[in-house]
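Here is the file query-v1.cif (mmCIF, C-alpha atoms and all ligand atoms).
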data_final
loop_
_atom_site.label_atom_id
_atom_site.label_comp_id
_atom_site.auth_asym_id
_atom_site.auth_seq_id
_atom_site.Cartn_x
_atom_site.Cartn_y
_atom_site.Cartn_z
CA MET A 732 111.77 179.23 126.79
CA GLN A 733 114.16 181.43 124.90
CA ALA A 734 113.03 179.61 121.77
CA PHE A 735 109.88 181.73 121.88
CA LEU A 736 111.79 184.97 121.80
CA SER A 737 113.62 186.71 119.03
CA SER A 738 117.25 187.66 119.42
CA SER A 739 118.15 191.10 120.63
CA ILE A 740 120.37 193.85 119.26
CA PRO A 741 121.77 196.15 121.96
CA ALA A 742 120.83 199.80 121.61
CA THR A 743 119.31 202.54 123.68
CA SER A 744 116.30 204.65 122.95
CA SER A 745 113.72 206.88 124.48
CA TYR A 746 109.97 206.71 124.25
CA SER A 747 107.46 209.47 124.45
CA ARG A 748 103.87 208.55 124.92
CA SER A 749 101.28 209.57 122.39
CA SER A 750 97.53 209.52 122.38
CA SER A 751 96.07 206.27 121.16
CA LEU A 752 92.93 207.99 120.00
CA LEU A 753 92.67 208.86 116.36
CA PRO A 754 90.12 210.69 114.22
CA GLN A 755 87.59 208.72 112.18
CA PRO A 756 89.16 206.58 109.46
CA ALA A 757 88.90 207.44 105.80
CA HIS A 758 87.60 204.26 104.21
CA HIS A 759 88.81 203.12 100.85
CA GLN A 760 86.73 200.08 100.33
CA ALA A 761 86.65 199.43 96.64
CA PRO A 762 84.21 196.59 95.99
CA LEU A 763 85.98 193.29 96.53
CA LYS A 764 85.69 190.86 93.64
CA ILE A 765 86.10 187.30 94.77
CA SER A 766 85.78 184.33 92.49
CA ALA A 767 82.98 181.90 93.20
CA PRO A 768 83.85 179.09 95.58
CA ALA A 769 85.13 176.21 93.52
CA PRO A 770 83.92 172.73 94.41
CA GLY A 771 87.53 171.75 95.02
CA SER A 772 88.47 174.74 97.13
CA ARG A 773 88.75 172.68 100.31
CA ALA A 774 91.00 170.30 98.41
CA ILE A 775 93.45 173.13 97.75
CA THR A 776 93.99 173.30 101.49
CA ALA A 777 94.18 169.58 101.94
CA VAL A 778 96.67 169.09 99.11
CA ALA A 779 98.74 172.07 100.11
CA THR A 780 98.75 170.92 103.72
CA ARG A 781 100.72 167.89 102.67
CA ALA A 782 103.33 170.08 101.08
CA GLY A 783 105.22 170.28 104.36
CA ARG A 784 105.90 172.76 107.13
CA PRO A 785 108.18 175.78 106.99
CA ARG A 786 111.35 175.88 109.00
CA ARG A 787 110.86 176.46 112.71
CA CYS A 788 113.50 179.11 113.09
CA ILE A 789 112.77 182.67 112.12
CA ALA A 790 114.56 183.77 108.98
CA ALA A 791 116.60 186.94 108.81
CA SER A 792 115.01 189.84 107.01
CA ALA A 793 117.29 189.62 104.00
CA SER A 794 116.18 186.09 103.27
CA SER A 795 112.49 186.64 104.03
CA PRO A 796 110.04 185.76 101.25
CA ALA A 797 109.24 189.31 100.14
CA ALA A 798 112.83 190.54 100.26
CA ALA A 799 113.13 189.38 96.67
CA THR A 800 110.21 191.56 95.60
CA LYS A 801 111.60 194.38 93.46
CA ALA A 802 110.00 197.79 93.68
CA THR A 803 109.50 197.57 89.96
CA THR A 804 107.60 194.29 90.16
CA GLU A 805 104.44 194.49 88.12
CA VAL A 806 101.36 194.12 90.30
CA PRO A 807 98.97 191.52 88.94
CA ALA A 808 95.20 192.11 88.76
CA GLN A 809 94.46 188.93 90.69
CA MET A 810 95.93 187.28 93.72
CA LYS A 811 95.62 184.34 96.07
CA ALA A 812 93.60 185.16 99.16
CA TRP A 813 91.72 183.38 101.93
CA VAL A 814 88.04 184.29 101.75
CA TYR A 815 84.76 183.56 103.48
CA ASP A 816 81.37 184.14 101.91
CA ALA A 817 79.28 183.45 105.04
CA TYR A 818 79.88 183.70 108.78
CA GLY A 819 80.76 180.51 110.62
CA ASP A 820 83.55 178.36 112.00
CA ALA A 821 86.94 177.90 110.33
CA SER A 822 85.39 175.61 107.69
CA VAL A 823 83.86 178.65 105.91
CA LEU A 824 87.35 179.69 104.80
CA ARG A 825 88.35 178.92 101.24
CA LEU A 826 91.48 179.68 99.28
CA ASP A 827 90.65 181.84 96.25
CA GLY A 828 93.25 181.77 93.51
CA ALA A 829 91.73 184.69 91.62
CA ALA A 830 90.71 187.37 94.13
CA THR A 831 90.98 190.97 92.96
CA VAL A 832 94.07 192.85 94.09
CA PRO A 833 92.64 195.82 96.05
CA ALA A 834 92.65 199.30 94.51
CA VAL A 835 94.99 201.82 96.14
CA GLY A 836 93.49 205.03 97.52
CA GLU A 837 95.44 208.28 97.31
CA ASP A 838 96.54 208.04 100.97
CA GLN A 839 97.24 204.31 100.77
CA VAL A 840 100.05 202.01 99.76
CA LEU A 841 99.74 198.53 98.29
CA VAL A 842 101.76 196.03 100.29
CA LYS A 843 103.02 192.68 99.03
CA VAL A 844 102.32 190.70 102.19
CA ALA A 845 105.23 188.57 103.41
CA ALA A 846 103.72 187.45 106.71
CA ALA A 847 100.39 187.90 108.50
CA ALA A 848 99.31 187.12 112.04
CA LEU A 849 96.00 185.85 113.37
CA ASN A 850 94.17 187.44 116.28
CA PRO A 851 91.12 186.25 118.23
CA VAL A 852 89.19 189.16 116.67
CA ASP A 853 89.66 187.54 113.24
CA ALA A 854 87.88 184.44 114.52
CA LYS A 855 85.17 186.42 116.32
CA ARG A 856 84.54 188.52 113.21
CA ARG A 857 84.42 185.40 111.02
CA ALA A 858 81.90 183.89 113.48
CA GLY A 859 79.66 186.91 112.86
CA LYS A 860 79.98 188.55 116.28
CA PHE A 861 80.41 192.02 114.80
CA GLN A 862 77.96 191.72 111.89
CA ALA A 863 76.24 195.02 112.69
CA THR A 864 79.39 197.03 112.05
CA ASP A 865 81.31 194.67 109.75
CA SER A 866 82.11 195.35 106.11
CA PRO A 867 80.01 193.37 103.62
CA LEU A 868 80.80 189.74 102.78
CA PRO A 869 82.75 188.20 101.13
CA THR A 870 85.67 188.92 103.42
CA VAL A 871 89.39 188.42 103.13
CA PRO A 872 90.23 188.24 106.86
CA GLY A 873 93.36 189.46 108.62
CA TYR A 874 94.46 192.68 110.35
CA ASP A 875 98.16 192.12 110.99
CA MET A 876 100.82 192.05 108.34
CA ALA A 877 104.39 192.86 107.35
CA GLY A 878 105.58 193.19 103.79
CA VAL A 879 106.99 195.36 101.04
CA VAL A 880 105.40 198.46 99.48
CA VAL A 881 104.82 197.85 95.76
CA LYS A 882 102.63 200.84 94.89
CA VAL A 883 101.93 204.23 96.51
CA GLY A 884 98.91 206.53 96.29
CA SER A 885 99.31 210.07 94.97
CA GLN A 886 99.19 211.70 98.44
CA VAL A 887 101.53 209.27 100.21
CA LYS A 888 104.52 211.04 101.74
CA SER A 889 106.20 208.65 104.17
CA PHE A 890 106.70 205.52 102.09
CA LYS A 891 107.99 204.56 98.68
CA GLU A 892 108.14 201.39 96.62
CA GLY A 893 110.46 198.84 98.15
CA ASP A 894 109.99 199.99 101.76
CA GLU A 895 109.55 197.21 104.33
CA VAL A 896 106.57 198.02 106.54
CA TYR A 897 104.32 196.51 109.17
CA GLY A 898 101.00 197.46 110.67
CA MET A 899 97.39 196.72 111.48
CA ILE A 900 95.48 197.41 108.28
CA SER A 901 92.15 198.70 109.65
CA GLU A 902 92.08 201.67 111.97
CA LYS A 903 89.14 200.36 114.00
CA PRO A 904 88.93 196.58 113.91
CA LEU A 905 85.23 196.40 114.75
CA GLU A 906 83.91 199.42 112.83
CA GLY A 907 83.91 198.95 109.08
CA PRO A 908 87.14 196.95 108.90
CA LYS A 909 88.59 196.43 105.44
CA GLN A 910 86.89 193.85 103.30
CA SER A 911 90.23 192.90 101.76
CA GLY A 912 92.47 191.93 104.68
CA SER A 913 95.99 190.68 105.21
CA LEU A 914 95.53 186.95 104.53
CA ALA A 915 96.27 187.62 100.88
CA GLU A 916 99.20 188.29 98.61
CA TYR A 917 98.42 192.03 98.55
CA THR A 918 96.64 194.44 100.85
CA ALA A 919 95.99 198.20 100.60
CA VAL A 920 96.67 200.26 103.73
CA GLU A 921 96.55 203.95 104.68
CA GLU A 922 100.09 205.19 105.24
CA LYS A 923 99.12 206.57 108.66
CA LEU A 924 98.48 202.99 109.86
CA LEU A 925 101.94 201.77 108.88
CA ALA A 926 105.42 201.94 110.35
CA ARG A 927 108.85 200.97 109.08
CA LYS A 928 109.60 197.33 109.80
CA PRO A 929 111.93 197.43 112.82
CA ALA A 930 115.56 196.87 111.85
CA GLY A 931 116.69 193.42 112.91
CA LEU A 932 113.22 191.89 112.88
CA ASP A 933 112.21 189.64 110.02
CA PHE A 934 108.77 189.70 108.43
CA VAL A 935 107.41 186.92 110.64
CA GLN A 936 108.44 188.74 113.78
CA ALA A 937 107.16 192.10 112.54
CA ALA A 938 103.81 190.67 111.42
CA SER A 939 103.27 189.18 114.87
CA LEU A 940 103.19 192.58 116.51
CA PRO A 941 100.82 195.30 115.32
CA LEU A 942 97.43 194.51 116.87
CA ALA A 943 98.78 192.85 120.01
CA VAL A 944 101.52 195.37 120.80
CA GLN A 945 99.18 198.30 120.20
CA THR A 946 96.57 196.69 122.47
CA ALA A 947 99.22 196.20 125.13
CA ASN A 948 100.43 199.78 124.77
CA GLN A 949 96.99 201.38 124.70
CA GLY A 950 95.80 199.25 127.62
CA LEU A 951 98.69 200.32 129.82
CA GLU A 952 98.40 203.92 128.66
CA ARG A 953 94.65 204.15 129.27
CA ALA A 954 95.02 202.41 132.62
CA GLY A 955 97.58 205.07 133.50
CA LEU A 956 100.40 202.75 134.55
CA GLY A 957 103.20 204.90 135.87
CA ALA A 958 106.85 204.26 136.65
CA GLY A 959 107.28 202.45 139.94
CA GLN A 960 103.76 201.05 139.94
CA SER A 961 102.64 197.42 139.94
CA VAL A 962 100.64 195.57 137.28
CA LEU A 963 98.89 192.20 137.05
CA VAL A 964 98.42 190.74 133.55
CA LEU A 965 95.71 188.08 133.28
CA GLY A 966 96.63 185.82 130.35
CA GLY A 967 100.34 186.63 130.33
CA ALA A 968 101.34 183.95 127.80
CA GLY A 969 98.96 184.99 125.01
CA GLY A 970 99.59 187.36 122.12
CA VAL A 971 98.59 190.48 124.05
CA GLY A 972 99.70 189.38 127.52
CA SER A 973 103.23 188.44 126.47
CA LEU A 974 103.76 191.95 125.10
CA THR A 975 101.93 193.66 127.97
CA ILE A 976 104.37 192.21 130.51
CA GLN A 977 107.34 193.42 128.46
CA LEU A 978 105.96 196.90 127.79
CA ALA A 979 104.99 197.35 131.43
CA LYS A 980 108.55 196.69 132.54
CA GLN A 981 110.58 198.09 129.63
CA VAL A 982 108.50 201.05 128.44
CA TYR A 983 106.35 202.10 131.41
CA GLY A 984 108.88 201.37 134.15
CA ALA A 985 106.64 199.16 136.28
CA SER A 986 108.37 198.14 139.49
CA LYS A 987 106.50 194.87 139.67
CA ALA A 988 104.73 192.78 137.04
CA ALA A 989 102.71 189.70 137.90
CA ALA A 990 100.99 187.50 135.35
CA THR A 991 98.84 184.38 135.14
CA ALA A 992 99.26 181.28 132.95
CA SER A 993 99.08 177.50 133.22
CA THR A 994 101.96 175.51 134.70
CA ALA A 995 103.98 174.89 131.52
CA LYS A 996 104.09 178.60 130.67
CA LEU A 997 105.35 180.02 133.97
CA ASP A 998 109.00 180.02 132.82
CA LEU A 999 107.97 182.00 129.75
CA LEU A 1000 106.29 184.61 131.96
CA LYS A 1001 109.52 184.98 133.94
CA SER A 1002 111.61 185.24 130.77
CA LEU A 1003 109.36 188.08 129.61
CA GLY A 1004 110.10 190.01 132.79
CA ALA A 1005 107.32 188.94 135.13
CA ASP A 1006 108.43 189.18 138.76
CA VAL A 1007 105.57 186.94 139.85
CA ALA A 1008 104.21 184.07 137.74
CA ILE A 1009 100.85 182.79 139.02
CA ASP A 1010 99.79 179.29 138.01
CA TYR A 1011 96.04 179.62 137.54
CA THR A 1012 95.62 175.84 137.64
CA LYS A 1013 96.87 175.85 141.24
CA GLU A 1014 96.01 179.26 142.69
CA ASN A 1015 93.19 181.77 142.42
CA PHE A 1016 94.91 185.11 141.85
CA GLU A 1017 91.97 186.89 143.46
CA ASP A 1018 92.55 185.00 146.73
CA LEU A 1019 96.20 186.09 147.01
CA PRO A 1020 96.96 189.02 149.35
CA GLU A 1021 98.78 191.20 146.77
CA LYS A 1022 96.94 194.20 145.26
CA TYR A 1023 98.01 196.03 142.10
CA ASP A 1024 97.89 199.57 140.75
CA VAL A 1025 96.80 198.29 137.35
CA VAL A 1026 95.22 195.05 136.15
CA ILE A 1027 95.08 194.16 132.43
CA ASP A 1028 92.52 191.43 131.80
CA ALA A 1029 93.19 189.53 128.56
CA VAL A 1030 91.15 186.50 129.65
CA GLY A 1031 87.66 187.73 130.50
CA GLN A 1032 87.86 187.67 134.30
CA GLY A 1033 86.72 191.23 134.92
CA ASP A 1034 84.71 190.30 138.02
CA LYS A 1035 87.78 188.78 139.71
CA ALA A 1036 90.18 191.41 138.36
CA VAL A 1037 88.48 194.22 140.31
CA LYS A 1038 89.11 192.33 143.55
CA VAL A 1039 92.88 192.66 143.24
CA VAL A 1040 93.18 196.29 142.20
CA LYS A 1041 94.28 198.90 144.74
CA GLU A 1042 91.84 201.63 145.68
CA GLY A 1043 92.07 204.26 142.92
CA GLY A 1044 93.75 201.81 140.56
CA SER A 1045 92.61 200.79 137.04
CA VAL A 1046 91.36 197.58 135.46
CA ALA A 1047 91.48 197.45 131.65
CA VAL A 1048 89.26 194.66 130.32
CA LEU A 1049 89.99 193.41 126.81
CA THR A 1050 87.27 190.79 126.61
CA GLY A 1051 84.21 189.59 128.53
CA ALA A 1052 81.99 191.40 130.97
CA VAL A 1053 83.14 194.63 132.63
CA THR A 1054 82.70 195.07 136.38
CA PRO A 1055 83.12 198.62 137.77
CA PRO A 1056 85.60 200.21 138.17
CA GLY A 1057 86.95 198.20 135.22
CA PHE A 1058 86.74 199.69 131.75
CA ARG A 1059 86.69 198.25 128.25
CA PHE A 1060 88.50 199.66 125.26
CA VAL A 1061 89.04 198.52 121.69
CA VAL A 1062 92.46 198.94 120.08
CA THR A 1063 92.95 201.42 117.23
CA SER A 1064 95.68 201.25 114.61
CA ASN A 1065 98.27 204.04 114.60
CA GLY A 1066 101.48 203.91 112.58
CA SER A 1067 103.24 206.70 114.45
CA ALA A 1068 102.60 204.93 117.78
CA LEU A 1069 104.21 201.81 116.30
CA GLU A 1070 107.18 203.94 115.16
CA LYS A 1071 107.62 205.07 118.78
CA LEU A 1072 107.81 201.45 119.87
CA ASN A 1073 110.32 200.57 117.14
CA PRO A 1074 113.41 201.50 119.23
CA TYR A 1075 112.36 199.03 121.93
CA LEU A 1076 111.88 196.33 119.30
CA GLU A 1077 115.15 197.18 117.57
CA SER A 1078 117.10 197.10 120.83
CA GLY A 1079 115.57 193.78 121.83
CA LYS A 1080 114.14 195.24 125.02
CA VAL A 1081 110.73 194.14 123.76
CA LYS A 1082 110.72 190.87 121.83
CA PRO A 1083 108.12 189.33 119.56
CA VAL A 1084 106.83 186.03 120.92
CA ILE A 1085 106.01 183.58 118.14
CA ASP A 1086 104.06 180.42 118.89
CA PRO A 1087 106.44 177.48 118.30
CA LYS A 1088 103.82 175.58 116.29
CA GLY A 1089 104.23 178.19 113.56
CA PRO A 1090 104.81 179.97 111.39
CA PHE A 1091 102.05 178.23 109.44
CA PRO A 1092 102.35 178.28 105.63
CA PHE A 1093 99.62 180.07 103.67
CA SER A 1094 98.08 176.72 102.76
CA GLN A 1095 97.41 176.00 106.45
CA VAL A 1096 95.36 179.05 107.43
CA VAL A 1097 92.41 176.83 108.43
CA GLU A 1098 94.66 174.79 110.72
CA ALA A 1099 96.19 177.96 112.13
CA PHE A 1100 92.75 179.39 112.93
CA SER A 1101 91.67 176.12 114.56
CA TYR A 1102 94.78 176.21 116.71
CA LEU A 1103 94.31 179.86 117.70
CA GLU A 1104 90.72 179.09 118.62
CA THR A 1105 91.79 176.49 121.17
CA GLY A 1106 92.75 179.50 123.31
CA ARG A 1107 96.07 177.81 124.14
CA ALA A 1108 98.42 179.63 121.76
CA THR A 1109 101.69 180.91 123.19
CA GLY A 1110 102.43 184.36 121.85
CA LYS A 1111 101.40 184.88 118.26
CA VAL A 1112 100.16 182.56 115.53
CA VAL A 1113 101.83 183.72 112.31
CA ILE A 1114 101.22 182.82 108.65
CA SER A 1115 104.24 182.81 106.35
CA PRO A 1116 105.35 182.51 103.63
CA ILE A 1117 102.56 184.08 101.60
CA PRO A 1118 101.70 182.43 99.29
N1 LIG B 1 89.70 195.03 123.26
C1 LIG B 1 90.69 194.94 122.39
O1 LIG B 1 91.05 195.92 121.72
C2 LIG B 1 91.41 193.64 122.23
C3 LIG B 1 92.60 193.59 121.51
C4 LIG B 1 93.29 192.38 121.41
C5 LIG B 1 92.75 191.24 121.99
N2 LIG B 1 91.56 191.33 122.65
C6 LIG B 1 90.98 190.13 123.28
O2 LIG B 1 91.83 189.76 124.35
C7 LIG B 1 91.82 188.34 124.49
C8 LIG B 1 93.27 187.85 124.46
O3 LIG B 1 93.80 188.08 123.17
P1 LIG B 1 95.17 187.35 122.74
O4 LIG B 1 95.49 187.75 121.36
O5 LIG B 1 96.19 187.54 123.80
O6 LIG B 1 94.66 185.82 122.78
P2 LIG B 1 95.51 184.49 122.68
O7 LIG B 1 96.89 184.76 122.24
O8 LIG B 1 94.69 183.52 121.89
O9 LIG B 1 95.54 183.98 124.22
C9 LIG B 1 95.91 182.66 124.46
C10 LIG B 1 96.51 182.57 125.84
O10 LIG B 1 95.48 182.77 126.81
C11 LIG B 1 95.90 182.06 127.98
N3 LIG B 1 94.78 181.77 128.86
C12 LIG B 1 93.63 181.15 128.55
N4 LIG B 1 92.85 181.04 129.65
C13 LIG B 1 93.55 181.60 130.69
C14 LIG B 1 93.29 181.81 132.06
N5 LIG B 1 92.13 181.40 132.63
N6 LIG B 1 94.21 182.43 132.81
C15 LIG B 1 95.39 182.86 132.25
N7 LIG B 1 95.70 182.68 130.95
C16 LIG B 1 94.79 182.06 130.17
C17 LIG B 1 96.49 180.80 127.42
O11 LIG B 1 97.46 180.31 128.34
P3 LIG B 1 97.25 178.84 128.94
O12 LIG B 1 97.42 177.88 127.79
O13 LIG B 1 98.32 178.77 129.98
O14 LIG B 1 95.85 178.78 129.49
C18 LIG B 1 97.13 181.22 126.10
O15 LIG B 1 98.54 181.34 126.19
C19 LIG B 1 90.95 187.80 123.36
O16 LIG B 1 89.65 187.58 123.85
C20 LIG B 1 90.93 188.94 122.36
O17 LIG B 1 89.79 188.94 121.52
C21 LIG B 1 90.87 192.49 122.77
#
Would you write out, as structure tokens, the structure that this file holds?
Amino acid sequence: MQAFLSSSIPATSSYSRSSSLLPQPAHHQAPLKISAPAPGSRAITAVATRAGRPRRCIAASASSPAAATKATTEVPAQMKAWVYDAYGDASVLRLDGAATVPAVGEDQVLVKVAAAALNPVDAKRRAGKFQATDSPLPTVPGYDMAGVVVKVGSQVKSFKEGDEVYGMISEKPLEGPKQSGSLAEYTAVEEKLLARKPAGLDFVQAASLPLAVQTANQGLERAGLGAGQSVLVLGGAGGVGSLTIQLAKQVYGASKAAATASTAKLDLLKSLGADVAIDYTKENFEDLPEKYDVVIDAVGQGDKAVKVVKEGGSVAVLTGAVTPPGFRFVVTSNGSALEKLNPYLESGKVKPVIDPKGPFPFSQVVEAFSYLETGRATGKVVISPIP
């Protein structure tokens, strides 16, 4: 199971908690110009799919695709980007070879994307579940990315050209998310949403983190997990769950972490720090005698989750129906909160978990989405290199 985890670099660090809540985002949504779908756009995927898979192992930062990008590189007017013009299943995605490189607002940087990660919210948004608050179509999907700064806005203070960064590009994923997302060669991001790429992590590893690790962190923070308390993570092998187990033990000082997964993933749960790995194909967690101070539900089992929480405890529900006293929250993007997690990532105390079927090359975004949407991914589904 170690194959899922990145290598660690010994170090020590401290972590001070910060509020996850941020003020309203300043939107910089210059109109997105996308070229018309070409009759052969599906063929681009099909042809490129035959071009072969990237190496399984994760490359070191110095040899990552964007490491060669010079700060002085001229930014083109057009770029390759995955786009959809209508809501639907993964077949609505098309590869556009001439999408407009997004304009850079004064508080934004332009990032040459080296790697991007998929999240279930990308698929739900593409399916039209958040139409009422979505940005207008056409959409370049993608929230998570890691890459190199190639241009900075006039008010940007923390970053300069050539900096390696990572982050979740829209502050509120469901409320007016950016029209021009991270599944593209370039993306424009407010500096406050970005952090330095953790030393020792490559772009694939860094891109796997932002949305999932911030969800894990904000879930545990809002649930009020304290040192010495116990936590149950429903969906411990997924993108969010795999990081929630690690943060609970390494950052929040949980005395006991339990998690659920299917049989083949129980060893992974243990390797992430779970003291108890519950095989949901054999046992109903809600029928077991143990009760927990905090339950994090990343599966949509809110009705069962409330049965195993101690009196006065908290149940954070990430998806599905909420049963009192459970509560729902939606992650927000915060670069300084990511910076505070960097020492844990740099020391190897918290490790990215990359699904072994990836990283998927840029040409295989449709296949990567289809895989994510099986609901069986282990850790994160990452896209790299780009393009
Ligand atoms: N509210 C928010 O801000 C927020 C933020 C992030 C994510 N979310 C939501 O949280 C959910 C999880 O996100 P994610 O990124 O972790 O998804 P994910 O990576 O796609 O989750 C896949 C994992 O779920 C596990 N799983 C499926 N059914 C399970 C069950 N009955 N019991 C235990 N594990 C089960 C699978 O393990 P097996 O193969 O072993 O079944 C698989 O490893 C999604 O619905 C997502 O939209 C919400």
Find the axis-aligned box for stretch 1056-1065 of chain A, covering all its listed atoms and adding 5 Å on each side, and write its centre and edge lengths in Å to one decimal as JSON.
{"center_x": 91.9, "center_y": 201.1, "center_z": 126.4, "size_x": 22.7, "size_y": 15.8, "size_z": 33.6}
Residue neighbourhood A:Glu895, 10 Å, only C-alpha atoms, exclusion window fewer than 4 positions, as a PDB file with C-alpha atoms, keeping the file's coordinate frame:
ATOM      1  CA  SER A 792     115.010 189.840 107.010  1.00  0.00           C
ATOM      2  CA  ALA A 797     109.240 189.310 100.140  1.00  0.00           C
ATOM      3  CA  ALA A 798     112.830 190.540 100.260  1.00  0.00           C
ATOM      4  CA  VAL A 842     101.760 196.030 100.290  1.00  0.00           C
ATOM      5  CA  LYS A 843     103.020 192.680  99.030  1.00  0.00           C
ATOM      6  CA  VAL A 844     102.320 190.700 102.190  1.00  0.00           C
ATOM      7  CA  ALA A 845     105.230 188.570 103.410  1.00  0.00           C
ATOM      8  CA  ALA A 877     104.390 192.860 107.350  1.00  0.00           C
ATOM      9  CA  GLY A 878     105.580 193.190 103.790  1.00  0.00           C
ATOM     10  CA  VAL A 879     106.990 195.360 101.040  1.00  0.00           C
ATOM     11  CA  VAL A 880     105.400 198.460  99.480  1.00  0.00           C
ATOM     12  CA  VAL A 881     104.820 197.850  95.760  1.00  0.00           C
ATOM     13  CA  PHE A 890     106.700 205.520 102.090  1.00  0.00           C
ATOM     14  CA  LYS A 891     107.990 204.560  98.680  1.00  0.00           C
ATOM     15  CA  LEU A 925     101.940 201.770 108.880  1.00  0.00           C
ATOM     16  CA  ALA A 926     105.420 201.940 110.350  1.00  0.00           C
ATOM     17  CA  ARG A 927     108.850 200.970 109.080  1.00  0.00           C
ATOM     18  CA  LYS A 928     109.600 197.330 109.800  1.00  0.00           C
ATOM     19  CA  PRO A 929     111.930 197.430 112.820  1.00  0.00           C
ATOM     20  CA  ALA A 930     115.560 196.870 111.850  1.00  0.00           C
ATOM     21  CA  ASP A 933     112.210 189.640 110.020  1.00  0.00           C
ATOM     22  CA  PHE A 934     108.770 189.700 108.430  1.00  0.00           C
ATOM     23  CA  ALA A 937     107.160 192.100 112.540  1.00  0.00           C
TER      24      ALA A 937
END
Practice item. Counting all atoms listed in the file, write as a PyMOL selection string all protein and nucleic acid residues lying at most 9 Å from (81.2, 191.7, 133.4) in the file's frame. Key: chain A and resi 1031-1034+1051-1055+1057
Exercise for review: Up to 9 Å from (99.9, 194.5, 118.7) in the file's coordinates: name the residues, counting only C-alpha atoms, as JSON, numbers by chain.
Suggested key: {"A": [875, 898, 899, 939, 940, 941, 942, 943, 944, 945, 946, 947, 948, 970, 971, 974, 1062, 1064, 1069]}
Practice item. Considering only C-alpha atoms, state which residue in the set A:Val1084, A:Leu924, A:Asp1028, A:Ser961 is at the smallest distance from A:Ser1002. Key: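 Checking each of A:Val1084, A:Leu924, A:Asp1028, A:Ser961 against A:Ser1002, counting only C-alpha atoms, the winner is A:Val1084.
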Point to revise | Proximity to ligand LIG 1 (chain B) - best of A:Gln910, A:Thr918, A:Gln862, A:Thr994, all atoms listed in the file | key: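 Of the candidates, the smallest distance to ligand LIG 1 (chain B) is held by A:Thr994.
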